[in-house]
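Q: Got a structure for you, questions after.
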Amino acid sequence: MHIYKNIEKNADLWKLGILYKSAYSLLVLYYYFFAGTANIIFLYFAIIDILFLFPFMFLYNKVYPS
């Protein structure tokens with residue numbers, strides 16, 4: 001299951017990855033900064049997800065320009 005080898009065939013999985021990374025990061029940032037209930041380790045994972053989100057979006061836009 002190598003998604004990166006056939007990006008055109010797996011466009012839906014790229015969209016889903018972008019959506020999940022965005023949703024997780026936004027939820028963790030909200031709960032950490034506004035509700036104060038998220039642990040610091042979740043913030044670290046959210047930051048890592050945000051860093052991986054940019055290449056996901058860049059590669060998706062490169063393959064499927066709007």
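The chains in the structure tokens are called A, B, ... from first to last as shown; in each chain the residues are counted from 1, and the ligands are counted from 1 in the order shown.
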What lies within 6 Å of segment 14-25 of chain A using only C-alpha atoms, ignoring chain neighbours under 2 positions off, as a short mmCIF file (atom, residue, chain, number, x, y, z; two decimals) with all heavy atoms, in the first residue's frame?
A:
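Contents of the output file part.cif:
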data_model
loop_
_atom_site.label_atom_id
_atom_site.label_comp_id
_atom_site.auth_asym_id
_atom_site.auth_seq_id
_atom_site.Cartn_x
_atom_site.Cartn_y
_atom_site.Cartn_z
N ALA A 11 -5.94 9.88 -4.95
CA ALA A 11 -6.24 11.28 -4.62
C ALA A 11 -7.18 11.39 -3.43
O ALA A 11 -7.04 12.31 -2.61
CB ALA A 11 -6.85 11.98 -5.83
N ASP A 12 -8.11 10.47 -3.30
CA ASP A 12 -9.04 10.53 -2.17
C ASP A 12 -8.33 10.32 -0.85
O ASP A 12 -8.69 10.92 0.16
CB ASP A 12 -10.15 9.50 -2.34
CG ASP A 12 -11.05 9.81 -3.52
OD1 ASP A 12 -11.13 10.99 -3.89
OD2 ASP A 12 -11.65 8.87 -4.07
N LEU A 27 -8.31 20.71 16.62
CA LEU A 27 -8.91 20.29 17.89
C LEU A 27 -7.93 20.34 19.04
O LEU A 27 -8.25 20.83 20.13
CB LEU A 27 -9.48 18.88 17.76
CG LEU A 27 -10.81 18.76 17.04
CD1 LEU A 27 -11.16 17.30 16.80
CD2 LEU A 27 -11.89 19.44 17.84
N VAL A 28 -6.72 19.87 18.82
CA VAL A 28 -5.72 19.89 19.88
C VAL A 28 -5.35 21.32 20.24
O VAL A 28 -5.23 21.66 21.44
CB VAL A 28 -4.47 19.08 19.48
CG1 VAL A 28 -3.34 19.31 20.45
CG2 VAL A 28 -4.80 17.60 19.42
N ALA A 46 0.42 17.53 17.45
CA ALA A 46 -0.30 18.47 16.58
C ALA A 46 0.69 19.32 15.77
O ALA A 46 0.46 19.57 14.59
CB ALA A 46 -1.22 19.36 17.40
N ASP A 49 2.00 17.16 13.07
CA ASP A 49 0.99 17.02 12.02
C ASP A 49 0.89 18.28 11.17
O ASP A 49 0.71 18.19 9.95
CB ASP A 49 -0.38 16.70 12.62
CG ASP A 49 -0.67 15.23 12.63
OD1 ASP A 49 0.10 14.47 12.02
OD2 ASP A 49 -1.69 14.83 13.22
#
Q: According to DSSP computed on the backbone, where in chain A is there alpha helix (DSSP H)? Give the residues as a PyMOL selection string.
A: chain A and resi 11-30+40-63
Q: Go ahead and write the selection's residues with C-alpha atoms as a short mmCIF file (atom, residue, chain, number, x, y, z; two decimals), in the first residue's frame.
A:
data_model
loop_
_atom_site.label_atom_id
_atom_site.label_comp_id
_atom_site.auth_asym_id
_atom_site.auth_seq_id
_atom_site.Cartn_x
_atom_site.Cartn_y
_atom_site.Cartn_z
CA ALA A 11 -6.24 11.28 -4.62
CA ASP A 12 -9.04 10.53 -2.17
CA LEU A 13 -6.57 9.24 0.41
CA TRP A 14 -4.51 12.43 0.04
CA LYS A 15 -7.64 14.52 0.63
CA LEU A 16 -8.53 12.40 3.65
CA GLY A 17 -5.02 12.77 5.07
CA ILE A 18 -5.18 16.54 4.68
CA LEU A 19 -8.60 16.63 6.32
CA TYR A 20 -7.59 14.41 9.26
CA LYS A 21 -4.34 16.27 9.89
CA SER A 22 -6.19 19.60 9.84
CA ALA A 23 -8.99 18.41 12.10
CA TYR A 24 -6.67 16.81 14.66
CA SER A 25 -4.38 19.83 14.80
CA LEU A 26 -7.22 22.31 15.17
CA LEU A 27 -8.91 20.29 17.89
CA VAL A 28 -5.72 19.89 19.88
CA LEU A 29 -4.84 23.57 19.54
CA TYR A 30 -8.31 24.54 20.72
CA ILE A 40 1.49 18.84 26.22
CA ILE A 41 2.26 15.61 24.35
CA PHE A 42 -0.83 16.12 22.19
CA LEU A 43 0.42 19.59 21.33
CA TYR A 44 3.73 18.10 20.16
CA PHE A 45 1.89 15.66 17.90
CA ALA A 46 -0.30 18.47 16.58
CA ILE A 47 2.77 20.51 15.69
CA ILE A 48 4.26 17.50 13.90
CA ASP A 49 0.99 17.02 12.02
CA ILE A 50 0.97 20.68 11.00
CA LEU A 51 4.52 20.33 9.71
CA PHE A 52 3.49 17.29 7.66
CA LEU A 53 0.33 19.02 6.47
CA PHE A 54 2.24 21.54 4.34
CA PRO A 55 4.00 18.94 2.15
CA PHE A 56 0.69 17.07 1.79
CA MET A 57 -1.04 20.21 0.51
CA PHE A 58 1.91 21.21 -1.68
CA LEU A 59 2.13 17.81 -3.37
CA TYR A 60 -1.62 17.57 -3.80
CA ASN A 61 -1.76 21.02 -5.44
CA LYS A 62 1.19 20.08 -7.62
CA VAL A 63 -0.57 16.98 -8.94
#
Q: Suppose you want the space between atom CA of His2 of chain A and atom CA of Tyr64 of chain A; what is it in Å?
A: 18.7 Å
